[in-house]
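Text of the file structure_28.txt, holding compact mmCIF, C-alpha atoms (C1' of nucleotides):
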```
# COMPACT_ATOMS: atom_id res chain seq x y z
CA MET Z 1 0.32 -113.03 -48.97
CA LYS Z 2 -3.03 -111.80 -49.98
CA ILE Z 3 -6.59 -112.80 -50.49
CA THR Z 4 -7.44 -112.84 -54.20
CA ALA Z 5 -10.42 -111.11 -55.74
CA GLN Z 6 -11.90 -114.44 -56.78
CA GLU Z 7 -11.77 -115.75 -53.26
CA GLU Z 8 -13.32 -112.67 -51.72
CA TYR Z 9 -16.05 -112.10 -54.28
CA GLY Z 10 -16.74 -115.79 -54.83
CA LEU Z 11 -17.24 -116.32 -51.12
CA ARG Z 12 -19.55 -113.33 -51.01
CA CYS Z 13 -21.69 -114.71 -53.83
CA LEU Z 14 -21.88 -118.02 -52.06
CA LEU Z 15 -22.87 -116.35 -48.84
CA GLN Z 16 -25.72 -114.65 -50.67
CA LEU Z 17 -26.95 -118.07 -51.71
CA ALA Z 18 -26.57 -119.36 -48.17
CA GLN Z 19 -28.92 -116.64 -47.00
CA ALA Z 20 -31.42 -117.05 -49.83
CA ASN Z 21 -34.50 -119.21 -50.04
CA GLU Z 22 -33.12 -122.72 -50.18
CA GLU Z 23 -35.42 -123.89 -52.97
CA LYS Z 24 -35.55 -120.85 -55.19
CA GLY Z 25 -31.94 -119.79 -55.02
CA LEU Z 26 -30.99 -116.49 -56.63
CA THR Z 27 -30.49 -115.18 -60.14
CA VAL Z 28 -27.23 -113.73 -61.32
CA LYS Z 29 -28.80 -110.29 -61.34
CA GLU Z 30 -29.93 -110.58 -57.76
CA ILE Z 31 -26.50 -111.63 -56.59
CA ALA Z 32 -24.81 -108.92 -58.63
CA LEU Z 33 -27.08 -106.31 -57.14
CA GLY Z 34 -26.59 -107.63 -53.64
CA GLU Z 35 -22.80 -107.52 -53.93
CA GLY Z 36 -22.25 -104.44 -56.07
CA LEU Z 37 -20.65 -106.47 -58.86
CA SER Z 38 -21.35 -106.68 -62.58
CA PRO Z 39 -23.57 -109.57 -63.67
CA ALA Z 40 -20.89 -110.70 -66.11
CA TYR Z 41 -18.37 -111.03 -63.33
CA VAL Z 42 -20.78 -112.80 -61.04
CA GLU Z 43 -21.43 -115.28 -63.83
CA LYS Z 44 -17.76 -116.02 -64.08
CA LEU Z 45 -17.45 -116.54 -60.34
CA LEU Z 46 -20.48 -118.80 -60.24
CA ARG Z 47 -18.99 -120.84 -63.04
CA LEU Z 48 -15.92 -121.48 -60.88
CA LEU Z 49 -18.07 -122.42 -57.92
CA GLY Z 50 -20.05 -124.74 -60.16
CA LYS Z 51 -16.92 -126.42 -61.43
CA GLY Z 52 -15.90 -126.85 -57.81
CA GLY Z 53 -19.11 -128.73 -57.18
CA LEU Z 54 -20.49 -126.25 -54.66
CA ILE Z 55 -23.50 -124.98 -56.61
CA HIS Z 56 -25.68 -125.87 -59.56
CA SER Z 57 -27.95 -123.90 -61.82
CA VAL Z 58 -31.45 -124.11 -63.23
CA ARG Z 59 -31.85 -122.67 -66.70
CA GLY Z 60 -34.70 -120.76 -68.26
CA VAL Z 61 -37.19 -118.24 -66.96
CA LYS Z 62 -37.50 -118.96 -63.22
CA GLY Z 63 -33.96 -120.30 -63.30
CA GLY Z 64 -31.18 -119.39 -60.90
CA TYR Z 65 -28.33 -120.73 -58.83
CA LEU Z 66 -28.59 -122.95 -55.77
CA LEU Z 67 -26.24 -124.50 -53.25
CA ASN Z 68 -25.54 -128.20 -53.67
CA LYS Z 69 -25.30 -128.69 -49.92
CA SER Z 70 -26.59 -126.87 -46.90
CA PRO Z 71 -24.49 -123.98 -45.53
CA GLN Z 72 -23.60 -126.15 -42.52
CA GLU Z 73 -21.84 -128.56 -44.84
CA ILE Z 74 -19.83 -126.11 -46.93
CA SER Z 75 -16.54 -125.20 -45.32
CA LEU Z 76 -14.54 -122.11 -46.15
CA GLY Z 77 -11.74 -124.49 -47.06
CA ALA Z 78 -13.86 -126.02 -49.80
CA VAL Z 79 -14.81 -122.57 -51.01
CA VAL Z 80 -11.23 -121.31 -51.13
CA ARG Z 81 -10.09 -124.46 -52.90
CA ALA Z 82 -12.77 -123.97 -55.56
CA LEU Z 83 -11.94 -120.33 -56.10
CA GLY Z 84 -8.22 -119.95 -55.96
CA LYS Z 85 -6.58 -122.47 -53.67
CA ILE Z 86 -4.03 -122.08 -50.98
CA PRO Z 87 -1.05 -123.80 -52.53
CA THR Z 88 0.39 -126.82 -50.78
CA THR Z 89 4.00 -126.67 -49.69
CA ARG Z 90 4.76 -128.98 -52.57
CA GLU Z 91 3.20 -126.49 -54.99
CA ILE Z 92 5.12 -123.63 -53.44
CA CYS Z 93 8.36 -125.54 -53.91
CA ASP Z 94 7.44 -126.31 -57.52
CA ARG Z 95 6.51 -122.71 -58.24
CA PHE Z 96 9.48 -120.83 -56.84
CA THR Z 97 12.29 -122.44 -58.77
CA GLY Z 98 14.05 -119.26 -59.87
CA ASN Z 99 16.03 -119.83 -63.04
CA ARG Z 100 16.23 -123.56 -62.47
CA THR Z 101 13.94 -126.44 -63.26
CA SER Z 102 13.60 -127.30 -59.60
CA CYS Z 103 14.16 -125.21 -56.50
CA ILE Z 104 17.78 -125.00 -55.39
CA HIS Z 105 16.70 -125.76 -51.82
CA ILE Z 106 14.55 -128.74 -52.69
CA ASP Z 107 16.54 -131.12 -50.48
CA ASN Z 108 16.74 -128.96 -47.41
CA CYS Z 109 14.56 -125.91 -47.07
CA CYS Z 110 14.00 -124.05 -43.85
CA ILE Z 111 11.39 -121.75 -45.30
CA ARG Z 112 9.35 -124.74 -46.34
CA ALA Z 113 8.97 -125.71 -42.72
CA ALA Z 114 7.66 -122.24 -41.94
CA TRP Z 115 5.16 -122.10 -44.80
CA GLU Z 116 4.01 -125.59 -43.95
CA THR Z 117 3.29 -124.66 -40.36
CA MET Z 118 1.44 -121.57 -41.44
CA THR Z 119 -0.65 -123.04 -44.24
CA ALA Z 120 -1.57 -126.01 -42.07
CA ALA Z 121 -2.97 -123.61 -39.51
CA ILE Z 122 -4.87 -121.65 -42.12
CA HIS Z 123 -6.40 -124.79 -43.56
CA SER Z 124 -7.26 -126.02 -40.14
CA PHE Z 125 -9.21 -122.84 -39.52
CA LEU Z 126 -10.88 -122.76 -42.93
CA ASP Z 127 -11.91 -126.39 -42.74
CA LYS Z 128 -13.55 -125.86 -39.36
CA THR Z 129 -15.48 -122.80 -40.40
CA PHE Z 130 -18.64 -123.15 -42.45
CA LEU Z 131 -20.84 -120.86 -44.47
CA SER Z 132 -23.44 -121.15 -41.75
CA ASP Z 133 -20.93 -119.69 -39.31
CA LEU Z 134 -20.78 -116.51 -41.37
CA VAL Z 135 -24.50 -115.87 -41.33
CA GLY Z 136 -26.21 -113.72 -38.76
CA GLY Z 137 -24.53 -110.35 -38.32
CA GLU Z 138 -20.93 -109.36 -37.84
CA THR Z 139 -20.98 -109.06 -34.07
CA LYS Z 140 -22.36 -112.54 -33.59
CA VAL Z 141 -19.97 -114.04 -36.10
CA ARG Z 142 -17.00 -112.32 -34.56
CA GLN Z 143 -17.81 -113.60 -31.11
CA ALA Z 144 -18.24 -117.13 -32.37
CA LEU Z 145 -14.94 -117.07 -34.22
CA ASN Z 146 -12.97 -115.39 -31.48
CA HIS Z 147 -13.81 -117.89 -28.78
CA GLN Z 148 -10.74 -120.04 -28.36
CA THR Z 149 -9.16 -118.81 -31.56
CA LEU Z 150 -6.31 -116.92 -29.98
CA PRO Z 151 -3.53 -117.24 -29.01
CA VAL Z 152 -2.55 -119.23 -32.05
CA LEU Z 153 0.46 -120.43 -33.92
CA THR Z 154 2.77 -119.94 -30.99
CA ARG Z 155 6.35 -120.99 -31.25
CA PHE Z 156 8.33 -123.35 -29.12
CA PRO Z 157 9.67 -120.91 -26.54
CA GLY Z 158 13.17 -122.28 -26.19
CA ASN Z 159 14.32 -121.73 -29.74
CA ARG Z 160 15.11 -118.07 -30.04
CA GLY Z 161 18.87 -118.07 -30.09
CA GLY Z 162 19.24 -119.05 -33.74
CA GLY Z 163 22.42 -120.62 -34.98
CA GLY Z 164 22.94 -124.19 -36.00
CA MET Y 165 -4.60 -116.81 -50.84
CA LYS Y 166 -1.07 -117.21 -51.93
CA ILE Y 167 2.47 -116.32 -51.13
CA THR Y 168 3.86 -113.84 -53.65
CA ALA Y 169 7.14 -114.25 -55.49
CA GLN Y 170 8.55 -111.19 -53.79
CA GLU Y 171 7.83 -112.60 -50.36
CA GLU Y 172 9.32 -115.98 -51.12
CA TYR Y 173 12.42 -114.83 -52.95
CA GLY Y 174 12.96 -111.77 -50.77
CA LEU Y 175 12.89 -113.91 -47.67
CA ARG Y 176 15.33 -116.31 -49.27
CA CYS Y 177 17.78 -113.51 -50.06
CA LEU Y 178 17.52 -112.28 -46.52
CA LEU Y 179 18.13 -115.74 -45.18
CA GLN Y 180 21.31 -115.90 -47.24
CA LEU Y 181 22.47 -112.74 -45.51
CA ALA Y 182 21.51 -114.17 -42.13
CA GLN Y 183 23.82 -117.08 -42.78
CA ALA Y 184 26.67 -115.02 -44.21
CA ASN Y 185 29.65 -113.43 -42.48
CA GLU Y 186 28.09 -110.68 -40.42
CA GLU Y 187 30.70 -108.06 -41.31
CA LYS Y 188 31.31 -108.81 -44.95
CA GLY Y 189 27.77 -109.53 -46.04
CA LEU Y 190 27.26 -110.81 -49.57
CA THR Y 191 27.35 -109.38 -53.06
CA VAL Y 192 24.38 -109.47 -55.37
CA LYS Y 193 26.13 -112.09 -57.47
CA GLU Y 194 26.73 -114.35 -54.52
CA ILE Y 195 23.09 -114.18 -53.45
CA ALA Y 196 21.86 -114.70 -57.00
CA LEU Y 197 24.06 -117.76 -57.35
CA GLY Y 198 22.98 -119.10 -53.98
CA GLU Y 199 19.31 -118.80 -54.82
CA GLY Y 200 19.25 -119.60 -58.52
CA LEU Y 201 17.93 -116.14 -59.39
CA SER Y 202 19.15 -113.53 -61.86
CA PRO Y 203 21.34 -110.78 -60.39
CA ALA Y 204 18.94 -108.17 -61.80
CA TYR Y 205 16.04 -109.66 -59.91
CA VAL Y 206 18.00 -110.01 -56.70
CA GLU Y 207 18.90 -106.33 -56.96
CA LYS Y 208 15.24 -105.45 -57.17
CA LEU Y 209 14.39 -107.56 -54.15
CA LEU Y 210 17.25 -106.12 -52.13
CA ARG Y 211 16.06 -102.65 -52.99
CA LEU Y 212 12.69 -103.47 -51.44
CA LEU Y 213 14.34 -104.89 -48.35
CA GLY Y 214 16.48 -101.78 -48.13
CA LYS Y 215 13.47 -99.50 -48.36
CA GLY Y 216 11.92 -101.57 -45.60
CA GLY Y 217 14.90 -100.81 -43.40
CA LEU Y 218 16.04 -104.40 -43.06
CA ILE Y 219 19.36 -104.18 -44.90
CA HIS Y 220 21.88 -101.64 -46.14
CA SER Y 221 24.54 -101.69 -48.78
CA VAL Y 222 28.18 -100.77 -49.19
CA ARG Y 223 29.08 -99.51 -52.64
CA GLY Y 224 32.19 -100.00 -54.67
CA VAL Y 225 34.62 -102.87 -55.12
CA LYS Y 226 34.44 -104.89 -51.88
CA GLY Y 227 30.88 -103.67 -51.46
CA GLY Y 228 27.86 -105.80 -50.70
CA TYR Y 229 24.69 -106.06 -48.68
CA LEU Y 230 24.39 -106.51 -44.93
CA LEU Y 231 21.62 -106.95 -42.40
CA ASN Y 232 20.78 -103.90 -40.29
CA LYS Y 233 19.97 -106.05 -37.28
CA SER Y 234 20.91 -109.50 -36.13
CA PRO Y 235 18.81 -112.43 -37.38
CA GLN Y 236 17.38 -112.82 -33.87
CA GLU Y 237 15.83 -109.38 -34.16
CA ILE Y 238 14.28 -109.66 -37.63
CA SER Y 239 10.84 -111.25 -37.56
CA LEU Y 240 9.17 -112.84 -40.53
CA GLY Y 241 6.41 -110.34 -39.99
CA ALA Y 242 8.80 -107.47 -40.62
CA VAL Y 243 10.11 -109.26 -43.71
CA VAL Y 244 6.68 -109.90 -45.17
CA ARG Y 245 5.60 -106.33 -44.49
CA ALA Y 246 8.67 -105.03 -46.34
CA LEU Y 247 8.13 -107.32 -49.31
CA GLY Y 248 4.46 -107.46 -50.00
CA LYS Y 249 2.37 -107.07 -46.89
CA ILE Y 250 -0.51 -109.04 -45.57
CA PRO Y 251 -3.32 -106.55 -45.97
CA THR Y 252 -5.16 -105.42 -42.87
CA THR Y 253 -8.88 -106.05 -42.69
CA ARG Y 254 -9.34 -102.38 -43.35
CA GLU Y 255 -7.30 -102.66 -46.56
CA ILE Y 256 -9.26 -105.71 -47.63
CA CYS Y 257 -12.50 -103.79 -47.16
CA ASP Y 258 -11.12 -100.85 -49.13
CA ARG Y 259 -9.89 -103.08 -51.93
CA PHE Y 260 -12.92 -105.24 -52.63
CA THR Y 261 -15.49 -102.59 -53.35
CA GLY Y 262 -16.88 -104.08 -56.55
CA ASN Y 263 -18.43 -101.40 -58.74
CA ARG Y 264 -18.92 -99.03 -55.85
CA THR Y 265 -16.70 -96.51 -54.15
CA SER Y 266 -16.94 -98.36 -50.86
CA CYS Y 267 -17.83 -101.97 -50.09
CA ILE Y 268 -21.56 -102.65 -49.95
CA HIS Y 269 -21.05 -104.56 -46.69
CA ILE Y 270 -18.96 -101.90 -45.01
CA ASP Y 271 -21.37 -101.52 -42.08
CA ASN Y 272 -21.89 -105.16 -41.33
CA CYS Y 273 -19.62 -107.77 -42.85
CA CYS Y 274 -19.44 -111.35 -41.69
CA ILE Y 275 -16.52 -112.21 -43.91
CA ARG Y 276 -14.51 -109.40 -42.36
CA ALA Y 277 -14.75 -111.16 -39.02
CA ALA Y 278 -13.37 -114.32 -40.60
CA TRP Y 279 -10.46 -112.65 -42.42
CA GLU Y 280 -9.66 -110.71 -39.28
CA THR Y 281 -9.43 -113.86 -37.20
CA MET Y 282 -7.27 -115.51 -39.79
CA THR Y 283 -4.87 -112.67 -40.52
CA ALA Y 284 -4.46 -112.00 -36.81
CA ALA Y 285 -3.32 -115.57 -36.39
CA ILE Y 286 -0.95 -115.36 -39.33
CA HIS Y 287 0.60 -112.18 -38.03
CA SER Y 288 0.90 -113.66 -34.60
CA PHE Y 289 2.92 -116.51 -36.03
CA LEU Y 290 5.05 -114.34 -38.29
CA ASP Y 291 5.83 -111.87 -35.55
CA LYS Y 292 6.99 -114.63 -33.24
CA THR Y 293 9.25 -116.28 -35.78
CA PHE Y 294 12.65 -114.81 -36.56
CA LEU Y 295 15.24 -115.25 -39.25
CA SER Y 296 17.40 -117.01 -36.71
CA ASP Y 297 14.65 -119.60 -36.29
CA LEU Y 298 14.99 -120.54 -39.94
CA VAL Y 299 18.67 -121.24 -39.80
CA GLY Y 300 20.13 -124.64 -39.13
CA GLY Y 301 18.62 -127.32 -41.34
CA GLU Y 302 15.06 -128.19 -42.18
CA THR Y 303 14.56 -130.94 -39.64
CA LYS Y 304 15.64 -128.78 -36.73
CA VAL Y 305 13.55 -125.87 -37.93
CA ARG Y 306 10.49 -128.02 -38.42
CA GLN Y 307 10.73 -129.46 -34.92
CA ALA Y 308 11.12 -126.03 -33.39
CA LEU Y 309 8.15 -124.63 -35.25
CA ASN Y 310 5.89 -127.59 -34.66
CA HIS Y 311 6.21 -127.57 -30.91
CA GLN Y 312 3.00 -126.06 -29.59
CA THR Y 313 1.97 -124.72 -32.96
CA LEU Y 314 -1.00 -126.99 -33.53
CA PRO Y 315 -3.91 -127.21 -33.03
CA VAL Y 316 -4.53 -123.66 -34.04
CA LEU Y 317 -7.30 -121.35 -35.11
CA THR Y 318 -9.99 -123.47 -33.55
CA ARG Y 319 -13.56 -122.38 -33.55
CA PHE Y 320 -15.98 -122.02 -30.68
CA PRO Y 321 -17.46 -125.53 -30.64
CA GLY Y 322 -21.08 -124.67 -30.01
CA ASN Y 323 -21.67 -122.64 -33.12
CA ARG Y 324 -22.20 -125.09 -35.90
CA GLY Y 325 -25.93 -124.84 -36.50
CA GLY Y 326 -25.78 -121.60 -38.46
CA GLY Y 327 -28.80 -119.40 -38.76
CA GLY Y 328 -29.56 -116.26 -36.85
C1' DT C 329 -43.77 -121.20 -81.81
C1' DA C 330 -42.63 -116.64 -80.73
C1' DG C 331 -40.72 -113.72 -76.98
C1' DA C 332 -38.78 -112.88 -72.61
C1' DT C 333 -35.87 -114.39 -69.02
C1' DA C 334 -31.97 -116.63 -67.50
C1' DC C 335 -27.95 -119.64 -67.61
C1' DT C 336 -23.23 -120.81 -70.66
C1' DT C 337 -19.07 -120.07 -72.89
C1' DG C 338 -14.95 -118.59 -75.20
C1' DA C 339 -12.56 -114.71 -76.42
C1' DC C 340 -11.06 -110.36 -75.44
C1' DA C 341 -9.24 -105.98 -72.82
C1' DA C 342 -7.38 -103.82 -68.80
C1' DA C 343 -4.65 -103.94 -64.71
C1' DA C 344 -1.34 -105.86 -61.65
C1' DG C 345 2.62 -108.70 -60.73
C1' DA C 346 7.07 -110.70 -62.12
C1' DG C 347 11.33 -110.28 -64.05
C1' DT C 348 14.86 -107.95 -67.36
C1' DC C 349 17.67 -104.32 -69.28
C1' DA C 350 20.32 -100.27 -70.05
C1' DT C 351 22.49 -96.83 -67.91
C1' DG C 352 24.39 -94.45 -64.10
C1' DT C 353 27.01 -93.87 -59.54
C1' DT C 354 30.44 -95.18 -56.06
C1' DT C 355 34.77 -97.10 -54.52
C1' DA C 356 39.38 -99.86 -54.42
C1' DG C 357 43.56 -100.42 -56.54
C1' DG C 358 47.04 -99.77 -59.73
C1' DC L 359 42.93 -90.69 -63.16
C1' DC L 360 41.75 -94.93 -65.28
C1' DT L 361 39.64 -99.42 -64.86
C1' DA L 362 37.04 -102.99 -62.82
C1' DA L 363 33.81 -104.42 -59.37
C1' DA L 364 29.77 -103.57 -57.23
C1' DC L 365 25.57 -101.01 -55.92
C1' DA L 366 21.28 -97.89 -57.87
C1' DT L 367 17.36 -96.91 -60.64
C1' DG L 368 13.77 -96.11 -64.00
C1' DA L 369 11.76 -97.95 -67.81
C1' DC L 370 10.45 -101.71 -70.23
C1' DT L 371 8.54 -106.49 -71.44
C1' DC L 372 6.19 -110.74 -70.31
C1' DT L 373 2.79 -113.18 -67.71
C1' DT L 374 -1.06 -113.74 -64.75
C1' DT L 375 -5.11 -112.04 -62.80
C1' DT L 376 -9.35 -109.29 -63.21
C1' DG L 377 -13.19 -108.09 -65.32
C1' DT L 378 -16.11 -107.43 -69.72
C1' DC L 379 -18.40 -108.70 -74.01
C1' DA L 380 -20.79 -111.06 -77.54
C1' DA L 381 -23.05 -114.76 -79.06
C1' DG L 382 -24.95 -118.65 -77.71
C1' DT L 383 -28.56 -122.49 -75.30
C1' DA L 384 -32.46 -123.73 -72.27
C1' DT L 385 -37.01 -122.90 -70.24
C1' DC L 386 -41.41 -120.79 -69.20
C1' DT L 387 -45.58 -118.26 -70.73
C1' DA L 388 -48.79 -117.12 -73.96
```

Please re-express this file's structure in structure tokens.
Amino acid sequence: MKITAQEEYGLRCLLQLAQANEEKGLTVKEIALGEGLSPAYVEKLLRLLGKGGLIHSVRGVKGGYLLNKSPQEISLGAVVRALGKIPTTREICDRFTGNRTSCIHIDNCCIRAAWETMTAAIHSFLDKTFLSDLVGGETKVRQALNHQTLPVLTRFPGNRGGGG
Amino acid sequence: MKITAQEEYGLRCLLQLAQANEEKGLTVKEIALGEGLSPAYVEKLLRLLGKGGLIHSVRGVKGGYLLNKSPQEISLGAVVRALGKIPTTREICDRFTGNRTSCIHIDNCCIRAAWETMTAAIHSFLDKTFLSDLVGGETKVRQALNHQTLPVLTRFPGNRGGGG
DNA sequence: TAGATACTTGACAAAAGAGTCATGTTTAGG
DNA sequence: CCTAAACATGACTCTTTTGTCAAGTATCTA
């Protein structure tokens, strides 16, 4: 379970745009410099974000990249889906089939229930958090996110004994 | 953000053991057959789980693999950490450094606050869920997990306007 | 209409992850 | 002590992910 490079760096590029002049946007070089990435790589990331409908570009001298919507309207969920996706439970079941054409547990899978609970919670968080929430200094952002965020994903307390 | 093959398949192997005779355990072949995986791959996964201290093996004819602890005592968190880990925020910062030796945002990173909130929630869930919770049929498991699990990871409601 | 700046794209190379294989070690049973 | 069953391990291959490169197209300025 890990965050991919595309998700991390793509989000960072987008956050640069969210903090830039709304009408001028930023050039690839500016973003690359601001993130410590190569321009070539930034281009690739921006292409993904463009395909995902989150940004557009203006060509030519004075060109650059701009957000399609305001930072308040771009959720982390949308960003992650454009950059790498968090697979749905269905996709997880289709992916982990072992040697077979479909997963051996397709009819009755206990792990599926666990992944579903977890990914639902992750999506719920990502879809409620917006680029604008991540602007303004780490301390402020942390406080905003931590209010009411924990405890989370608690279990039903009477179900510890296992068996079945 | 995705679940790795090692996590998925490793957990499945472990769940086989959790459902097996506690004293006899299972052979590699039995697990491989039960999961639709190749014996060679199952061996590799079991090696990881062994290194993580979750299982041990008995060699020779009549040998096999057994859990070190009862399913009630093995959390999904421990399983995931043995198989692939969910990186800590610190590890995320150390990994995504771009072209530089340390991340350009190391002193003040808004994304870090977001990942930290999210991974804390994931760990909280994984550490409260045990192998024994995933035994006994999907419907039962789903009901147990869904009680009190949602809504989760909510944001502080007054923080939508961005800026700062 | 040249020249500079900047976006666009497909193909490629390097690294990491997934999965296999060959070979070796241990043990039960004849 | 030989054989078969079962675990043990390092090296290897295949695939996916990361990141780079080269060769384009569009636009502004002069």

Would you mind listing, as an mmCIF file with C-alpha atoms (C1' of nucleotides), in the coordinates of the input, all residues of chain L that have at least one atom within 8 Å of chain Y, where only C-alpha atoms (C1' of nucleotides) are what counts?
```cif
data_model
loop_
_atom_site.group_PDB
_atom_site.id
_atom_site.type_symbol
_atom_site.label_atom_id
_atom_site.label_comp_id
_atom_site.auth_asym_id
_atom_site.auth_seq_id
_atom_site.Cartn_x
_atom_site.Cartn_y
_atom_site.Cartn_z
ATOM 1 C "C1'" DA L 363 33.810 -104.420 -59.370
ATOM 2 C "C1'" DA L 364 29.770 -103.570 -57.230
ATOM 3 C "C1'" DC L 365 25.570 -101.010 -55.920
#
```

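Pairwise distance (CA of Pro251 in chain Y, CA of Ile268 in chain Y) equals 19.1 Å.
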
Atom pair C1' of DG345 in chain C / C1' of DC372 in chain L: separation (Å):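 Going from C1' of DG345 in chain C over to C1' of DC372 in chain L, I get 10.4 Å.
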
Pull out every residue of chain C sitting within 10 Å of chain Y, counting all atoms listed in the file, and send them as a compact mmCIF listing (two decimals) with C-alpha atoms (C1' of nucleotides), keeping the file's coordinate frame.
```txt
# COMPACT_ATOMS: atom_id res chain seq x y z
C1' DG C 345 2.62 -108.70 -60.73
C1' DA C 346 7.07 -110.70 -62.12
C1' DG C 347 11.33 -110.28 -64.05
C1' DT C 348 14.86 -107.95 -67.36
C1' DC C 349 17.67 -104.32 -69.28
C1' DT C 353 27.01 -93.87 -59.54
C1' DT C 354 30.44 -95.18 -56.06
C1' DT C 355 34.77 -97.10 -54.52
C1' DA C 356 39.38 -99.86 -54.42
C1' DG C 357 43.56 -100.42 -56.54
```

CA of Glu30 in chain Z to C1' of DC340 in chain C, distance in Å rounded to a single decimal: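 Calculated distance between CA of Glu30 in chain Z and C1' of DC340 in chain C is 25.9 Å.
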
Counting all atoms listed in the file, the option among Y:Ile167, Y:Cys267, Y:Thr252, Y:Ala184 closest to chain Z: Y:Ile167

Option closest in space to chain Z, from Y:Gly217, Y:Pro235, Y:Gly241, Y:Gly189 [counting only C-alpha atoms]: Y:Pro235

Could you give me the axis-aligned bounding box of range 365-384 of chain L, with 3 Å of padding per side, as centre plus edge lengths in Å to one decimal, as AutoDock Vina command-line options?
```
--center_x -3.4 --center_y -109.9 --center_z -67.5 --size_x 64.0 --size_y 33.6 --size_z 29.1
```

Counting all atoms listed in the file, find the residues whose atoms lie at most 12 Å from (-41.4, -108.4, -74.7) (file coordinates) and write them out as an mmCIF file with C-alpha atoms (C1' of nucleotides), keeping the file's coordinate frame.
```
data_model
loop_
_atom_site.group_PDB
_atom_site.id
_atom_site.type_symbol
_atom_site.label_atom_id
_atom_site.label_comp_id
_atom_site.auth_asym_id
_atom_site.auth_seq_id
_atom_site.Cartn_x
_atom_site.Cartn_y
_atom_site.Cartn_z
ATOM 1 C "C1'" DA C 330 -42.630 -116.640 -80.730
ATOM 2 C "C1'" DG C 331 -40.720 -113.720 -76.980
ATOM 3 C "C1'" DA C 332 -38.780 -112.880 -72.610
ATOM 4 C "C1'" DT C 333 -35.870 -114.390 -69.020
ATOM 5 C "C1'" DT L 387 -45.580 -118.260 -70.730
ATOM 6 C "C1'" DA L 388 -48.790 -117.120 -73.960
#
```

Residue among Y:Gly200, Y:Leu181, Y:Ile195, Y:Glu280 lying closest to chain Z, counting only C-alpha atoms: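 For chain Z, the nearest of the given residues is Y:Gly200.
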
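For Lys233 in chain Y, the list of residues within 10 Å, based on all atoms listed in the file and with local chain neighbours fewer than 4 positions off taken out, reads Ala182, Glu186, Gly217, Leu218, Ile219, Glu237 and Ile238 of chain Y.
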
The selected residues should be written to file as a compact mmCIF listing (two decimals), keeping the file's coordinate frame (atoms: C-alpha atoms).
```txt
# COMPACT_ATOMS: atom_id res chain seq x y z
CA ALA Y 182 21.51 -114.17 -42.13
CA GLU Y 186 28.09 -110.68 -40.42
CA GLY Y 217 14.90 -100.81 -43.40
CA LEU Y 218 16.04 -104.40 -43.06
CA ILE Y 219 19.36 -104.18 -44.90
CA GLU Y 237 15.83 -109.38 -34.16
CA ILE Y 238 14.28 -109.66 -37.63
```
